[in-house]
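Undergrad: Attaching a single structure in structure tokens format; questions to follow.
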Amino acid sequence: MTGTTAQHPAPRRPALLRLSALACAVLPLGAAACAGPASPAGDTAYAAASAPADELPVIPSFWPSAPASPTASAPAPAAGSAPASAPAAGSLTGRTVLLDAGHNPGNSKHTTEINRQVDIGNSRKECDTTGTATNASYSEAEYSLDVSRRARTLLEARGAKVVFTQDGNRPWGPCIDERAGIGNESRVDAAVSVHADGAAASASGFHVIMPAAVKAGKADTAAIVAPSRRLGLLLREQFKAATGEPYADYIGEQGLDTRSDLGGLNLSKVPKVFIECGNMRNSGDAKRMTDPQWRQLAAQGIADALTAYLTTPAN
Ligand code: ZN
């Protein structure tokens, strides 16, 4: 894809349903990510080339049975747009965020290392895990890293400094305690850990995981519970607005969960949440997560949530 549609005017109806928006209008600040990899073979539903530019059909590949609007109750911002106003190029200047791409594609080759137990304050847990994968073997680790990189591009364009826990530059890990430590030592303003779930095939949807109040051993989340909740609510809102993905129908409540058993949250001293972007074992979710265009929307939702968190005052 070229950048020719990057300057597309704001869509007049939900951009999720517009071919042009799926291509590039999710990139209000530049066309860099428009040059991403092409859709995988078989995703021919995008090829509605004969439709007039302003009368593009509903794209069935993401939401074959969805209503005309990606949200039923409240009008969502068009895909790719920020909640209130488009973020200015320098709106995040001076701010630092952590993107924690869950797992590592190399973990499966380093089971001894990742199975080592580490202290997460209220218990001990494996250093890291291999993560899940789609039935076609597209791994959560690959997915998480790709979405994190796409989100980094968007956030850096807005002026943020973006720290990664791993960028495909190490053979395994890091361990979950180190993942938390990287955010703490970098004194980031906010952190998002990017994951995808591996639940029953019939289950679908995304959810955000927020830290519970934990005070045990070296874990003390008292200072981050409230700001993490604010971040989590914004992430739920912005991820849904960007992707149209429904809330998980198998876990949590209305797309939100709170957990005390995740080392990456227990040990964090900075506001932090996890997002499980969908269920890789569900055919519909897997198809979307395998699609680079959908991953761009996922990255947009994450970047917009962090932007909203950093540019709007806490109540
Ligand atoms: Zn995961």
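To be explicit about the labels: the chains of the structure tokens are called A, B, and onward in the order shown, and within each one the residues are counted from 1, while ligands get numbers from 1 in the order they are shown.
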With the cut-off set at 9 Å and counting only C-alpha atoms and all ligand atoms, tabulate each residue of chain A with an atom at most that distance from an atom of ligand 1, showing the nearest atom pair and its distance in Å to one decimal, ordered by chain and increasing number, as CSV.
TA:
residue,atom,partner,partner_atom_place_in_ligand_line,distance
A:Ala101,CA,ligand 1,1 (Zn),8.7
A:Gly102,CA,ligand 1,1 (Zn),5.3
A:His103,CA,ligand 1,1 (Zn),6.2
A:Thr129,CA,ligand 1,1 (Zn),7.7
A:Thr130,CA,ligand 1,1 (Zn),8.0
A:Gly131,CA,ligand 1,1 (Zn),4.9
A:Thr132,CA,ligand 1,1 (Zn),6.8
A:Glu140,CA,ligand 1,1 (Zn),6.6
A:Ala141,CA,ligand 1,1 (Zn),7.6
A:Ser144,CA,ligand 1,1 (Zn),8.3
A:Ser193,CA,ligand 1,1 (Zn),8.7
A:Val194,CA,ligand 1,1 (Zn),7.4
A:His195,CA,ligand 1,1 (Zn),4.4
A:Ala196,CA,ligand 1,1 (Zn),5.6
A:Asp197,CA,ligand 1,1 (Zn),6.2
A:Gly198,CA,ligand 1,1 (Zn),8.3
A:Phe274,CA,ligand 1,1 (Zn),9.0
A:Ile275,CA,ligand 1,1 (Zn),9.0
A:Glu276,CA,ligand 1,1 (Zn),7.3
Undergrad: List as a short mmCIF file (atom, residue, chain, number, x, y, z; two decimals) with all heavy atoms, in the first residue's frame the protein and nucleic acid residues near A:Val188, meaning an atom at most 9 Å away when only C-alpha atoms are counted, but skip any in the same chain fewer than 5 places from it.
TA:
data_model
loop_
_atom_site.label_atom_id
_atom_site.label_comp_id
_atom_site.auth_asym_id
_atom_site.auth_seq_id
_atom_site.Cartn_x
_atom_site.Cartn_y
_atom_site.Cartn_z
N ARG A 95 6.96 12.46 27.16
CA ARG A 95 6.33 11.34 27.85
C ARG A 95 6.98 10.03 27.40
O ARG A 95 7.44 9.90 26.25
CB ARG A 95 4.82 11.29 27.56
CG ARG A 95 4.12 12.63 27.70
CD ARG A 95 4.38 13.33 29.05
NE ARG A 95 3.83 12.61 30.20
CZ ARG A 95 2.59 12.78 30.66
NH1 ARG A 95 1.77 13.62 30.05
NH2 ARG A 95 2.19 12.12 31.72
N THR A 96 6.99 9.07 28.30
CA THR A 96 7.60 7.77 28.01
C THR A 96 6.60 6.67 28.33
O THR A 96 5.96 6.70 29.38
CB THR A 96 8.87 7.56 28.86
OG1 THR A 96 9.77 8.64 28.63
CG2 THR A 96 9.56 6.27 28.48
N VAL A 97 6.46 5.74 27.43
CA VAL A 97 5.56 4.61 27.66
C VAL A 97 6.31 3.31 27.44
O VAL A 97 7.31 3.25 26.71
CB VAL A 97 4.31 4.67 26.75
CG1 VAL A 97 3.52 5.94 27.00
CG2 VAL A 97 4.69 4.54 25.29
N LEU A 98 5.82 2.27 28.06
CA LEU A 98 6.36 0.93 27.87
C LEU A 98 5.37 0.08 27.09
O LEU A 98 4.19 0.02 27.45
CB LEU A 98 6.62 0.26 29.23
CG LEU A 98 7.16 -1.17 29.13
CD1 LEU A 98 8.66 -1.16 28.90
CD2 LEU A 98 6.82 -1.99 30.38
N LYS A 161 8.47 8.83 23.83
CA LYS A 161 9.56 7.87 23.86
C LYS A 161 8.94 6.52 24.22
O LYS A 161 8.15 6.43 25.17
CB LYS A 161 10.60 8.26 24.92
CG LYS A 161 11.74 7.26 25.05
CD LYS A 161 12.71 7.67 26.15
CE LYS A 161 13.80 6.61 26.33
NZ LYS A 161 14.68 6.93 27.49
N VAL A 162 9.26 5.52 23.44
CA VAL A 162 8.65 4.21 23.64
C VAL A 162 9.72 3.19 24.01
O VAL A 162 10.70 3.01 23.29
CB VAL A 162 7.90 3.74 22.38
CG1 VAL A 162 7.25 2.38 22.62
CG2 VAL A 162 6.85 4.77 21.97
N VAL A 163 9.53 2.56 25.15
CA VAL A 163 10.45 1.53 25.65
C VAL A 163 9.81 0.17 25.40
O VAL A 163 8.61 0.00 25.62
CB VAL A 163 10.72 1.73 27.15
CG1 VAL A 163 11.62 0.62 27.69
CG2 VAL A 163 11.34 3.11 27.40
N ILE A 182 11.76 -3.39 33.86
CA ILE A 182 12.15 -2.48 32.77
C ILE A 182 11.27 -1.23 32.79
O ILE A 182 11.75 -0.11 32.64
CB ILE A 182 12.07 -3.22 31.42
CG1 ILE A 182 13.17 -4.28 31.35
CG2 ILE A 182 12.20 -2.23 30.25
CD1 ILE A 182 13.04 -5.26 30.18
N GLY A 183 9.99 -1.42 33.00
CA GLY A 183 9.09 -0.27 33.10
C GLY A 183 9.40 0.59 34.31
O GLY A 183 9.36 1.83 34.24
N VAL A 270 4.60 1.35 37.98
CA VAL A 270 4.03 2.35 37.07
C VAL A 270 2.66 1.85 36.62
O VAL A 270 2.41 0.63 36.61
CB VAL A 270 4.94 2.57 35.84
CG1 VAL A 270 6.32 3.09 36.29
CG2 VAL A 270 5.09 1.30 35.01
N PRO A 271 1.75 2.75 36.28
CA PRO A 271 0.43 2.32 35.81
C PRO A 271 0.57 1.34 34.65
O PRO A 271 1.25 1.64 33.66
CB PRO A 271 -0.24 3.63 35.38
CG PRO A 271 0.46 4.68 36.20
CD PRO A 271 1.89 4.21 36.31
#
Undergrad: Excluding A:His207 and residues on its chain fewer than 4 positions from it, collect all residues at most 8 Å away from it, counting only C-alpha atoms, and give them as a PyMOL selection string.
TA: chain A and resi 236+247-248+251-252+254-257+275-278
Undergrad: Just the residues within 8 Å of A:Ala298, please, counting only C-alpha atoms, with nothing from its chain fewer than 4 positions along; format it as a list in words.
TA: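 The neighbour list is Val147, Phe239, Ala242, Thr243, Cys277, Trp294 and Ile302 of chain A.
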